[in-house]
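What follows is structure-v5.cif (mmCIF, C-alpha atoms).
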```cif
data_model
#
loop_
_atom_site.label_atom_id
_atom_site.label_comp_id
_atom_site.auth_asym_id
_atom_site.auth_seq_id
_atom_site.Cartn_x
_atom_site.Cartn_y
_atom_site.Cartn_z
CA MET A 272 -77.17 -4.92 -4.41
CA TYR A 273 -76.25 -1.46 -3.20
CA GLU A 274 -77.11 2.07 -4.27
CA ALA A 275 -74.92 5.10 -3.58
CA VAL A 276 -77.13 8.01 -2.53
CA HIS A 277 -76.77 11.75 -1.98
CA ALA A 278 -78.22 12.39 1.48
CA ARG A 279 -79.10 15.68 3.11
CA PRO A 280 -77.61 18.34 3.05
CA ASP A 281 -76.50 17.40 -0.48
CA GLY A 282 -79.93 15.98 -1.34
CA ASP A 283 -83.56 16.32 -0.24
CA ALA A 284 -83.79 13.23 1.94
CA THR A 285 -81.88 12.13 5.01
CA ALA A 286 -79.70 9.04 5.12
CA ALA A 287 -82.38 7.35 7.26
CA ARG A 288 -85.12 7.96 4.67
CA HIS A 289 -82.86 6.69 1.90
CA ALA A 290 -82.12 3.56 3.91
CA ALA A 291 -85.81 2.93 4.67
CA THR A 292 -86.80 3.35 1.01
CA ALA A 293 -83.91 1.19 -0.20
CA ALA A 294 -84.94 -1.56 2.21
CA ARG A 295 -88.47 -1.49 0.79
CA TYR A 296 -87.11 -1.58 -2.78
CA GLY A 297 -85.03 -4.69 -2.14
CA TYR A 298 -81.52 -3.28 -1.85
CA ASP A 299 -78.99 -4.89 0.48
CA GLY A 300 -77.50 -1.56 1.43
CA VAL A 301 -76.91 2.09 0.72
CA VAL A 302 -73.64 3.96 0.41
CA VAL A 303 -74.10 7.50 1.76
CA ARG A 304 -71.76 9.57 -0.34
CA THR A 305 -72.44 12.90 1.30
CA ARG A 306 -69.70 14.07 3.62
CA GLU A 307 -72.07 15.35 6.33
CA GLY A 308 -74.67 12.61 5.73
CA LEU A 309 -73.50 10.34 8.54
CA ASP A 310 -71.12 10.38 11.46
CA PRO A 311 -67.81 9.10 10.15
CA VAL A 312 -66.29 5.89 11.50
CA GLY A 313 -63.22 7.71 12.75
CA GLY A 314 -61.22 6.15 15.55
CA ASN A 315 -64.05 5.33 17.99
CA ALA A 316 -66.16 3.17 15.73
CA ALA A 317 -68.80 0.75 16.92
CA GLU A 318 -67.25 -2.40 15.43
CA ASP A 319 -66.31 -1.36 11.90
CA ARG A 320 -69.19 0.99 11.21
CA SER A 321 -69.96 4.48 12.36
CA ARG A 322 -72.41 4.49 15.24
CA GLU A 323 -75.12 6.19 13.21
CA ALA A 324 -74.68 3.74 10.32
CA ALA A 325 -74.90 0.83 12.75
CA ALA A 326 -78.11 2.24 14.26
CA LEU A 327 -79.62 2.70 10.80
CA ARG A 328 -78.70 -0.84 9.89
CA GLU A 329 -80.41 -2.02 13.04
CA ALA A 330 -83.55 0.00 12.30
CA ASN A 331 -83.99 -0.84 8.62
CA GLY A 332 -82.25 -4.15 8.05
CA VAL A 333 -80.05 -2.79 5.26
CA ASP A 334 -76.35 -2.08 5.37
CA VAL A 335 -75.42 1.60 5.57
CA VAL A 336 -71.93 2.57 4.45
CA ASP A 337 -70.30 5.86 5.36
CA ALA A 338 -68.59 7.27 2.32
CA VAL A 339 -67.34 10.62 1.09
CA GLU A 340 -67.36 12.25 -2.28
CA ILE A 341 -64.35 14.49 -2.81
CA ASP A 342 -65.12 17.31 -5.19
CA ALA A 343 -61.81 19.13 -5.66
CA ASP A 344 -60.74 21.78 -8.13
CA ASP A 345 -57.48 20.14 -9.09
CA ALA A 346 -55.35 17.09 -8.44
CA THR A 347 -53.24 18.76 -5.74
CA SER A 348 -56.15 19.60 -3.47
CA ALA A 349 -57.78 16.25 -4.27
CA SER A 350 -54.64 14.49 -3.11
CA GLY A 351 -54.77 16.27 0.24
CA ALA A 352 -58.44 15.46 0.69
CA VAL A 353 -57.92 11.78 -0.13
CA GLY A 354 -55.24 11.61 2.55
CA ASN A 355 -57.57 13.28 5.06
CA TYR A 356 -60.61 11.09 4.47
CA ARG A 357 -59.00 7.71 3.75
CA SER A 358 -58.53 6.88 7.41
CA SER A 359 -61.96 8.03 8.58
CA ARG A 360 -64.29 6.78 5.82
CA THR A 361 -65.14 3.32 4.59
CA VAL A 362 -65.52 4.30 0.94
CA VAL A 363 -63.70 7.20 -0.69
CA CYS A 364 -65.07 8.51 -4.00
CA LEU A 365 -63.54 11.21 -6.13
CA VAL A 366 -65.66 13.33 -8.45
CA GLY A 367 -64.20 13.34 -11.94
CA GLY A 368 -65.39 15.42 -14.84
CA ASP A 369 -62.05 16.99 -15.63
CA ASP A 370 -59.12 15.35 -17.39
CA GLY A 371 -56.65 16.10 -14.62
CA LEU A 372 -58.93 14.78 -11.89
CA ASN A 373 -59.84 11.64 -13.83
CA ARG A 374 -56.16 10.95 -14.35
CA PHE A 375 -55.36 11.56 -10.70
CA ALA A 376 -58.20 9.32 -9.48
CA VAL A 377 -57.32 6.26 -11.55
CA GLU A 378 -53.65 6.49 -10.60
CA GLU A 379 -54.33 6.73 -6.87
CA PRO A 380 -54.93 3.29 -5.25
CA ARG A 381 -56.33 4.98 -2.12
CA VAL A 382 -59.34 6.14 -4.16
CA ASP A 383 -62.10 3.49 -4.31
CA VAL A 384 -64.38 4.97 -6.93
CA LEU A 385 -64.04 7.58 -9.66
CA VAL A 386 -67.56 9.01 -9.88
CA ARG A 387 -69.15 10.80 -12.85
CA PRO A 388 -65.99 10.73 -15.01
CA MET A 389 -67.82 11.97 -18.12
CA ASP A 390 -69.43 15.04 -16.52
CA GLY A 391 -68.51 18.45 -17.86
CA SER A 392 -65.31 18.45 -19.86
CA GLY A 393 -64.22 15.04 -18.58
CA ASP A 394 -63.29 12.25 -20.94
CA PHE A 395 -62.04 8.71 -20.64
CA ASN A 396 -59.52 6.74 -22.68
CA HIS A 397 -57.52 3.53 -22.80
CA VAL A 398 -54.70 4.95 -20.66
CA LEU A 399 -57.08 5.75 -17.83
CA ALA A 400 -58.84 2.39 -18.16
CA LYS A 401 -55.56 0.49 -17.81
CA ALA A 402 -54.53 2.59 -14.83
CA ALA A 403 -57.94 2.03 -13.19
CA ARG A 404 -57.57 -1.72 -13.65
CA ASP A 405 -54.04 -1.78 -12.25
CA ASN A 406 -54.90 0.38 -9.23
CA ASP A 407 -58.30 -1.23 -8.63
CA VAL A 408 -60.13 2.09 -8.88
CA HIS A 409 -63.79 1.49 -9.80
CA VAL A 410 -65.24 3.65 -12.55
CA GLU A 411 -68.80 4.77 -11.91
CA PHE A 412 -71.52 4.58 -14.55
CA ASP A 413 -73.90 7.39 -13.66
CA LEU A 414 -77.39 6.38 -14.80
CA GLY A 415 -78.94 9.56 -13.35
CA PRO A 416 -79.46 11.24 -16.75
CA LEU A 417 -81.05 8.05 -18.11
CA PHE A 418 -83.76 8.33 -15.45
CA ARG A 419 -84.13 12.08 -15.04
CA ALA A 420 -82.80 14.02 -18.04
CA THR A 421 -84.63 14.58 -21.31
CA GLY A 422 -83.80 15.63 -24.85
CA GLY A 423 -80.32 16.52 -25.98
CA LYS A 424 -78.85 16.37 -22.51
CA ARG A 425 -79.95 12.79 -22.15
CA VAL A 426 -78.74 11.86 -25.62
CA ARG A 427 -75.28 13.23 -24.88
CA ALA A 428 -75.15 11.47 -21.50
CA LEU A 429 -76.14 8.15 -23.09
CA ALA A 430 -73.54 8.60 -25.83
CA ASP A 431 -70.91 9.21 -23.15
CA LEU A 432 -72.06 6.15 -21.22
CA ARG A 433 -71.71 4.00 -24.30
CA LYS A 434 -68.20 5.25 -25.00
CA LEU A 435 -67.22 4.68 -21.38
CA ARG A 436 -68.72 1.20 -21.45
CA GLU A 437 -66.80 0.19 -24.55
CA ILE A 438 -63.48 1.31 -23.09
CA VAL A 439 -64.04 -0.08 -19.58
CA THR A 440 -65.28 -3.49 -20.72
CA TYR A 441 -62.43 -3.86 -23.24
CA TYR A 442 -59.79 -3.43 -20.54
CA ASP A 443 -61.87 -5.17 -17.88
CA ALA A 444 -61.49 -2.27 -15.48
CA PRO A 445 -63.61 -2.52 -12.31
CA HIS A 446 -66.91 -0.65 -12.44
CA VAL A 447 -69.81 0.43 -10.26
CA VAL A 448 -73.31 1.49 -11.30
CA SER A 449 -75.51 4.07 -9.60
CA ALA A 450 -78.46 6.29 -10.45
CA ASN A 451 -77.10 9.05 -8.19
CA PRO A 452 -80.42 9.62 -6.35
CA ARG A 453 -80.65 12.95 -4.52
CA SER A 454 -83.86 12.08 -2.70
CA HIS A 455 -85.90 9.00 -1.87
CA LEU A 456 -88.12 9.89 -4.85
CA GLU A 457 -85.18 9.52 -7.25
CA LEU A 458 -84.32 6.10 -5.93
CA ARG A 459 -85.29 3.24 -8.25
CA ALA A 460 -85.55 -0.44 -7.40
CA PRO A 461 -82.73 -2.67 -8.69
CA ARG A 462 -84.94 -4.37 -11.27
CA GLU A 463 -85.97 -1.03 -12.73
CA VAL A 464 -82.34 0.08 -12.90
CA VAL A 465 -81.39 -3.13 -14.69
CA ALA A 466 -84.36 -2.95 -17.08
CA ALA A 467 -83.72 0.69 -18.01
CA ALA A 468 -80.00 0.06 -18.51
CA GLU A 469 -80.79 -2.96 -20.66
CA ALA A 470 -83.04 -0.77 -22.82
CA VAL A 471 -80.06 1.45 -23.62
CA GLY A 472 -77.72 -1.41 -24.47
CA PHE A 473 -76.11 -2.54 -21.22
CA ASP A 474 -75.79 -6.20 -20.33
CA PRO A 475 -78.15 -6.87 -17.37
CA GLU A 476 -75.69 -9.08 -15.51
CA TRP A 477 -72.97 -6.52 -15.90
CA ILE A 478 -75.24 -3.87 -14.38
CA GLU A 479 -76.09 -6.16 -11.47
CA ALA A 480 -72.38 -6.74 -10.92
CA GLY A 481 -71.91 -2.96 -10.88
CA LEU A 482 -74.60 -2.56 -8.21
CA ARG A 483 -73.09 -5.34 -6.12
CA ALA A 484 -69.59 -3.86 -6.44
CA TRP A 485 -70.41 -1.09 -3.93
CA GLY A 486 -71.01 -3.75 -1.30
CA GLU A 487 -67.82 -5.58 -2.20
CA ILE A 488 -65.78 -2.38 -1.84
CA ALA A 489 -67.34 -1.67 1.55
CA GLU A 490 -66.71 -5.21 2.76
CA ARG A 491 -63.09 -5.19 1.61
CA ASN A 492 -62.39 -1.85 3.26
CA ARG A 493 -64.05 -2.89 6.53
CA ASP A 494 -61.89 -5.97 6.55
CA ARG A 495 -58.83 -3.80 5.99
CA ARG A 496 -59.75 -1.48 8.85
CA SER A 497 -60.26 -4.36 11.24
CA GLY A 498 -57.44 -5.13 13.65
CA ALA A 499 -56.74 -8.56 12.17
CA PHE A 500 -55.59 -7.20 8.82
CA ILE A 501 -51.86 -6.65 8.35
CA GLU A 502 -51.48 -6.57 4.57
CA PRO A 503 -53.10 -8.47 1.70
CA GLY A 504 -52.64 -12.16 2.48
CA VAL A 505 -51.36 -11.59 6.01
CA ARG A 506 -53.80 -11.69 8.93
CA LEU A 507 -53.51 -11.72 12.69
CA GLY A 508 -55.16 -14.81 14.15
CA ARG A 509 -54.90 -18.47 14.97
CA TYR A 510 -53.38 -21.14 12.76
CA GLU A 511 -55.82 -23.10 10.70
CA GLU A 512 -56.49 -26.31 12.63
CA ASP A 513 -56.49 -28.68 9.67
CA GLY A 514 -53.06 -27.58 8.41
CA MET B 3 -116.88 -4.96 -34.08
CA LYS B 4 -116.98 -8.69 -33.74
CA HIS B 5 -114.71 -10.15 -31.06
CA LEU B 6 -111.43 -11.61 -32.21
CA PRO B 7 -111.01 -15.35 -31.93
CA LYS B 8 -109.17 -16.13 -28.74
CA HIS B 9 -105.84 -17.06 -30.33
CA LEU B 10 -105.65 -13.69 -32.10
CA ARG B 11 -106.40 -11.53 -29.09
CA PRO B 12 -103.37 -9.75 -27.71
CA ARG B 13 -102.01 -11.21 -24.50
CA TRP B 14 -101.50 -8.73 -21.70
CA ARG B 15 -99.56 -8.45 -18.51
CA TYR B 16 -100.67 -6.08 -15.76
CA LEU B 17 -98.06 -4.20 -13.76
CA ALA B 18 -98.88 -2.97 -10.28
CA VAL B 19 -97.09 0.34 -9.83
CA GLY B 20 -96.46 2.08 -6.52
CA ILE B 21 -96.10 5.88 -6.55
CA GLU B 22 -94.64 8.22 -3.96
CA THR B 23 -94.56 12.04 -4.06
CA TRP B 24 -94.15 14.99 -1.73
CA PRO B 25 -97.32 15.43 0.33
CA ASP B 26 -98.39 18.64 -1.42
CA ALA B 27 -98.16 17.18 -4.94
CA GLU B 28 -101.39 16.75 -6.87
CA ILE B 29 -101.06 14.30 -9.71
CA GLY B 30 -103.99 13.18 -11.80
CA ARG B 31 -104.74 10.21 -13.95
CA ARG B 32 -104.32 12.13 -17.20
CA GLY B 33 -101.04 13.66 -16.15
CA PHE B 34 -99.68 10.31 -15.08
CA GLN B 35 -100.73 8.62 -18.31
CA ARG B 36 -99.10 11.41 -20.30
CA ALA B 37 -95.85 11.06 -18.31
CA LEU B 38 -95.90 7.31 -18.85
CA TRP B 39 -96.29 7.55 -22.62
CA TYR B 40 -93.80 10.39 -22.77
CA ALA B 41 -91.22 8.32 -20.90
CA ALA B 42 -91.86 5.31 -23.15
CA GLY B 43 -91.69 7.40 -26.31
CA ASN B 44 -88.39 8.91 -25.25
CA LEU B 45 -86.79 5.68 -24.10
CA LEU B 46 -88.16 3.11 -26.54
CA GLY B 47 -89.14 5.26 -29.52
CA ASP B 48 -92.52 5.22 -31.22
CA ALA B 49 -92.18 1.61 -32.32
CA GLY B 50 -91.14 0.24 -28.95
CA SER B 51 -93.72 2.40 -27.23
CA ALA B 52 -96.49 0.99 -29.40
CA ASP B 53 -95.30 -2.54 -28.62
CA ALA B 54 -95.23 -1.96 -24.89
CA ASP B 55 -98.70 -0.33 -24.89
CA LEU B 56 -98.57 1.06 -21.33
CA THR B 57 -102.24 1.96 -21.01
CA LEU B 58 -103.22 3.07 -17.54
CA LEU B 59 -106.12 0.98 -16.24
CA SER B 60 -106.57 2.28 -12.73
CA PHE B 61 -105.00 5.09 -10.82
CA SER B 62 -105.28 6.60 -7.38
CA HIS B 63 -103.14 9.14 -5.59
CA ASP B 64 -103.62 10.98 -2.35
CA GLY B 65 -101.45 12.60 0.28
CA GLY B 66 -98.07 11.70 -1.18
CA GLU B 67 -98.81 8.09 -2.00
CA GLY B 68 -100.51 6.37 -4.91
CA GLU B 69 -100.85 3.24 -6.95
CA ALA B 70 -101.72 2.33 -10.50
CA ILE B 71 -102.26 -0.63 -12.80
CA VAL B 72 -100.48 -0.40 -16.13
CA ARG B 73 -101.18 -2.76 -19.02
CA ALA B 74 -98.27 -4.03 -21.11
CA ARG B 75 -98.08 -6.46 -23.95
CA HIS B 76 -96.89 -9.94 -23.00
CA GLY B 77 -93.24 -10.23 -24.00
CA HIS B 78 -92.57 -6.51 -23.60
CA VAL B 79 -92.70 -6.42 -19.82
CA ASP B 80 -89.02 -5.56 -19.46
CA ASP B 81 -89.42 -2.59 -21.81
CA ALA B 82 -92.48 -1.50 -19.87
CA ARG B 83 -90.59 -1.76 -16.60
CA ALA B 84 -87.75 0.33 -18.01
CA ALA B 85 -90.14 3.03 -19.24
CA ILE B 86 -91.97 3.13 -15.91
CA GLY B 87 -88.66 3.53 -14.10
CA CYS B 88 -87.88 6.54 -16.28
CA VAL B 89 -90.92 8.51 -15.11
CA ALA B 90 -89.12 11.11 -13.02
CA GLU B 91 -91.84 13.71 -12.69
CA VAL B 92 -95.52 14.25 -13.42
CA ASP B 93 -96.62 17.81 -14.21
CA GLY B 94 -93.43 19.11 -12.59
CA ASP B 95 -93.84 17.13 -9.37
CA PRO B 96 -91.04 14.60 -8.78
CA VAL B 97 -92.31 11.06 -8.30
CA GLY B 98 -90.76 7.96 -6.83
CA ILE B 99 -92.03 4.99 -8.76
CA ARG B 100 -91.64 1.25 -8.49
CA VAL B 101 -93.14 -1.85 -10.01
CA ARG B 102 -94.61 -3.88 -7.15
CA GLY B 103 -95.39 -6.92 -9.24
CA ILE B 104 -96.79 -8.32 -12.44
CA SER B 105 -99.92 -10.42 -12.98
CA GLY B 106 -101.69 -12.04 -15.87
CA THR B 107 -105.10 -10.68 -14.93
CA VAL B 108 -106.29 -7.36 -13.57
CA ARG B 109 -108.05 -9.13 -10.75
CA ALA B 110 -104.99 -11.04 -9.59
CA CYS B 111 -103.03 -7.81 -9.83
CA GLU B 112 -105.51 -5.98 -7.59
CA GLU B 113 -105.78 -8.77 -5.07
CA ARG B 114 -102.11 -9.36 -4.73
CA TYR B 115 -100.49 -5.95 -4.98
CA MET B 116 -103.04 -3.16 -4.54
CA GLY B 117 -104.70 -1.48 -1.61
CA ARG B 118 -101.63 -1.51 0.57
CA ALA B 119 -101.76 2.17 1.45
CA SER B 120 -100.03 2.62 4.78
CA ALA B 121 -101.51 4.44 7.74
CA ASN B 122 -103.26 7.73 7.01
CA SER B 123 -101.02 10.74 6.93
CA THR B 124 -101.18 13.19 9.80
CA GLN B 125 -99.62 16.55 10.41
CA ARG B 126 -97.44 16.84 13.46
CA ASP B 127 -94.70 19.04 14.90
CA VAL B 128 -91.39 17.26 15.16
CA ALA B 129 -87.87 18.11 16.28
CA PHE B 130 -85.68 18.01 13.20
CA GLU B 131 -82.08 19.23 12.94
CA GLY B 132 -82.37 21.17 16.16
CA ALA B 133 -85.59 23.02 15.34
CA GLU B 134 -89.30 22.44 15.77
CA ARG B 135 -90.88 21.93 12.35
CA SER B 136 -94.16 20.72 11.00
CA ALA B 137 -94.12 17.39 9.24
CA ILE B 138 -96.52 15.15 7.35
CA VAL B 139 -96.19 11.72 8.91
CA ARG B 140 -97.12 8.60 6.97
CA GLY B 141 -96.16 5.47 8.85
CA ASP B 142 -92.40 5.58 9.26
CA ALA B 143 -91.99 8.30 6.62
CA TYR B 144 -91.71 11.92 7.78
CA ASP B 145 -91.89 14.68 5.17
CA VAL B 146 -90.61 17.70 7.05
CA ARG B 147 -91.41 21.19 5.83
CA THR B 148 -88.41 23.53 5.75
CA GLU B 149 -87.68 26.93 4.23
CA SER B 150 -86.45 25.30 1.02
CA GLY B 151 -89.37 22.90 0.56
CA TYR B 152 -89.98 19.42 1.90
CA VAL B 153 -87.24 17.17 3.19
CA GLY B 154 -87.64 13.41 3.32
CA ALA B 155 -86.86 12.10 6.78
CA ALA B 156 -87.69 9.04 8.83
CA ALA B 157 -88.74 8.40 12.40
CA PHE B 158 -85.05 7.78 13.09
CA ASP B 159 -84.16 11.44 12.38
CA THR B 160 -86.68 12.94 14.78
CA GLU B 161 -85.83 11.02 17.91
#
```

For the file at hand, write its structure as structure tokens.
Amino acid sequence: MYEAVHARPDGDATAARHAATAARYGYDGVVVRTREGLDPVGGNAAEDRSREAAALREANGVDVVDAVEIDADDATSASGAVGNYRSSRTVVCLVGGDDGLNRFAVEEPRVDVLVRPMDGSGDFNHVLAKAARDNDVHVEFDLGPLFRATGGKRVRALADLRKLREIVTYYDAPHVVSANPRSHLELRAPREVVAAAEAVGFDPEWIEAGLRAWGEIAERNRDRRSGAFIEPGVRLGRYEEDG
Amino acid sequence: MKHLPKHLRPRWRYLAVGIETWPDAEIGRRGFQRALWYAAGNLLGDAGSADADLTLLSFSHDGGEGEAIVRARHGHVDDARAAIGCVAEVDGDPVGIRVRGISGTVRACEERYMGRASANSTQRDVAFEGAERSAIVRGDAYDVRTESGYVGAAAFDTE
């Protein structure tokens, strides 16, 4: 299972501290969603990971994925940013929270994850869910408020999560789950995440699938960046011997 | 009052809880118990909170690290785990919290999961982000002091 973290300078802990804590908590990896959190893979990658991510993996025994969170004002600038970061990052996330941005994200196959779609004035509906399914854009369920907010703010966030869950599960759109930790102190072990989500009505296996989905996205994208990949179903390599 | 017959006594599970804070945080037993019940009340409601119990049996915290034993009613361990996970801060200090394990007796809980405090914390000057800063070092964990408060770093960042 993976957790997608906000590392310094976006959060209060470095990517290395997040990785060390996640390893202790039983995660298989962390996705660093801060743009400056890690060296990007870029063109001169060590294998398929950025050199810093590879070193962190070596040191802690958990996978470290270089990602980026694009926080744009409107769809036009988001589109430019997606084009810029797609080639240099393993996972590209787009911050939603606005109807135009949510719509743009789910209709853009180059985006991997639409994060925090219900923040601010953002809303989700059946049209977006179908588009997300067709374009394989994962919709993030932000459990941050469940762990850290109180009172009315938390109630509204949980109501939004329930609405989002009903729409996304009905159309079987891909999903990811994260608690959006901004420091190692906000990180929670997978079993705690599952238990807390279960207490507010989520299916535990569905939450586990959402935590694993980060890893699946990273693996798929690494495979796509590797030299052997031509297009889905077409690979460079030897014939299978038993053919 | 007279003891209950054995089959009527409540059955308990004991959760070993690991706590992590910034090095300058002072959290006490009372504050932690209050945060625990507050989290349970908010997440599970009064009824669920009463079922889960969540009484604090032992607590220690020092220098950014702590541990506790929390009692929960047998059969409500998942609710207890959820409530414990929702403790985000104690008296305004953010806490990292995790359930290390669950036992059927306090003694087994202590023997198996407690007393694993890592090496004592020391203060040291480290090179971090191109500047010399003072840091509280606890094993592999480096809490570096900056202008805007502590930053969580690891040995990896200071090499």

With the file shown as input, list the residues that the PyMOL selection byres ((chain A) within 8 of (chain B)) selects, as JSON, numbers by chain. {"A": [283, 284, 285, 286, 287, 288, 291, 296, 327, 330, 417, 418, 419, 421, 454, 455, 456, 457, 458, 459, 460, 463, 464, 465, 466, 467, 468, 470, 471]}

Near Ile29 (chain B), within 9 Å and counting all atoms listed in the file, which residues show up once chain neighbours fewer than 3 positions away are dropped, as a ChimeraX atom specification? /B:23,32-34,63-64,92-93,95

Writer output for current selection, C-alpha atoms, as a CSV table (one decimal), in the frame of the given file:
```csv
chain,number,residue,atom,x,y,z
B,23,THR,CA,-94.6,12.0,-4.1
B,32,ARG,CA,-104.3,12.1,-17.2
B,33,GLY,CA,-101.0,13.7,-16.2
B,34,PHE,CA,-99.7,10.3,-15.1
B,63,HIS,CA,-103.1,9.1,-5.6
B,64,ASP,CA,-103.6,11.0,-2.4
B,92,VAL,CA,-95.5,14.2,-13.4
B,93,ASP,CA,-96.6,17.8,-14.2
B,95,ASP,CA,-93.8,17.1,-9.4
```

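If you look at CA of Arg295 (chain A) and CA of Val139 (chain B), they are 17.3 Å away from each other.
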
Hey, can you pull every residue with an atom no more than 8 Å from (-61.1, 10.3, -2.4), using only C-alpha atoms, and send it as a ChimeraX atom specification? /A:339-341,349-350,352-354,356-357,363-365,376,381-384

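Distances from A:Lys401, A:Arg433, A:His289, A:Arg306 to Arg360 (chain A) were compared using all atoms listed in the file, and the smallest one belongs to A:Arg306.
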
Output requested as an mmCIF file, in the frame of the given file - region 321-343 of chain A, filled out with N, CA and C atoms.
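Saved result, result-v6.cif, follows:
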```cif
data_model
loop_
_atom_site.group_PDB
_atom_site.id
_atom_site.type_symbol
_atom_site.label_atom_id
_atom_site.label_comp_id
_atom_site.auth_asym_id
_atom_site.auth_seq_id
_atom_site.Cartn_x
_atom_site.Cartn_y
_atom_site.Cartn_z
ATOM 1 N N SER A 321 -69.690 3.323 11.528
ATOM 2 C CA SER A 321 -69.960 4.480 12.360
ATOM 3 C C SER A 321 -71.209 4.177 13.181
ATOM 4 N N ARG A 322 -71.324 4.821 14.332
ATOM 5 C CA ARG A 322 -72.410 4.490 15.240
ATOM 6 C C ARG A 322 -73.770 4.764 14.592
ATOM 7 N N GLU A 323 -73.850 5.861 13.851
ATOM 8 C CA GLU A 323 -75.120 6.190 13.210
ATOM 9 C C GLU A 323 -75.470 5.162 12.128
ATOM 10 N N ALA A 324 -74.446 4.743 11.359
ATOM 11 C CA ALA A 324 -74.680 3.740 10.320
ATOM 12 C C ALA A 324 -75.130 2.425 10.948
ATOM 13 N N ALA A 325 -74.525 2.078 12.076
ATOM 14 C CA ALA A 325 -74.900 0.830 12.750
ATOM 15 C C ALA A 325 -76.340 0.906 13.246
ATOM 16 N N ALA A 326 -76.737 2.079 13.772
ATOM 17 C CA ALA A 326 -78.110 2.240 14.260
ATOM 18 C C ALA A 326 -79.100 2.160 13.104
ATOM 19 N N LEU A 327 -78.742 2.748 11.971
ATOM 20 C CA LEU A 327 -79.620 2.700 10.800
ATOM 21 C C LEU A 327 -79.753 1.283 10.281
ATOM 22 N N ARG A 328 -78.659 0.553 10.336
ATOM 23 C CA ARG A 328 -78.700 -0.840 9.890
ATOM 24 C C ARG A 328 -79.638 -1.636 10.781
ATOM 25 N N GLU A 329 -79.540 -1.345 12.063
ATOM 26 C CA GLU A 329 -80.410 -2.020 13.040
ATOM 27 C C GLU A 329 -81.876 -1.706 12.754
ATOM 28 N N ALA A 330 -82.165 -0.435 12.450
ATOM 29 C CA ALA A 330 -83.550 0.000 12.300
ATOM 30 C C ALA A 330 -84.177 -0.486 10.995
ATOM 31 N N ASN A 331 -83.397 -0.569 9.923
ATOM 32 C CA ASN A 331 -83.990 -0.840 8.620
ATOM 33 C C ASN A 331 -83.636 -2.202 8.032
ATOM 34 N N GLY A 332 -82.633 -2.855 8.587
ATOM 35 C CA GLY A 332 -82.250 -4.150 8.050
ATOM 36 C C GLY A 332 -81.452 -4.068 6.756
ATOM 37 N N VAL A 333 -80.957 -2.877 6.400
ATOM 38 C CA VAL A 333 -80.050 -2.790 5.260
ATOM 39 C C VAL A 333 -78.721 -2.213 5.737
ATOM 40 N N ASP A 334 -77.676 -2.585 5.030
ATOM 41 C CA ASP A 334 -76.350 -2.080 5.370
ATOM 42 C C ASP A 334 -76.289 -0.589 5.027
ATOM 43 N N VAL A 335 -75.629 0.188 5.867
ATOM 44 C CA VAL A 335 -75.420 1.600 5.570
ATOM 45 C C VAL A 335 -73.919 1.860 5.636
ATOM 46 N N VAL A 336 -73.375 2.392 4.567
ATOM 47 C CA VAL A 336 -71.930 2.570 4.450
ATOM 48 C C VAL A 336 -71.616 4.060 4.484
ATOM 49 N N ASP A 337 -70.691 4.452 5.346
ATOM 50 C CA ASP A 337 -70.300 5.860 5.360
ATOM 51 C C ASP A 337 -69.233 6.068 4.300
ATOM 52 N N ALA A 338 -69.520 6.996 3.401
ATOM 53 C CA ALA A 338 -68.590 7.270 2.320
ATOM 54 C C ALA A 338 -68.385 8.777 2.228
ATOM 55 N N VAL A 339 -67.521 9.188 1.334
ATOM 56 C CA VAL A 339 -67.340 10.620 1.090
ATOM 57 C C VAL A 339 -67.088 10.801 -0.394
ATOM 58 N N GLU A 340 -67.593 11.899 -0.900
ATOM 59 C CA GLU A 340 -67.360 12.250 -2.280
ATOM 60 C C GLU A 340 -66.469 13.479 -2.282
ATOM 61 N N ILE A 341 -65.279 13.352 -2.812
ATOM 62 C CA ILE A 341 -64.350 14.490 -2.810
ATOM 63 C C ILE A 341 -64.509 15.232 -4.125
ATOM 64 N N ASP A 342 -64.908 16.492 -4.006
ATOM 65 C CA ASP A 342 -65.120 17.310 -5.190
ATOM 66 C C ASP A 342 -64.083 18.427 -5.164
ATOM 67 N N ALA A 343 -62.915 18.185 -5.744
ATOM 68 C CA ALA A 343 -61.810 19.130 -5.660
ATOM 69 C C ALA A 343 -61.664 19.871 -6.977
#
```
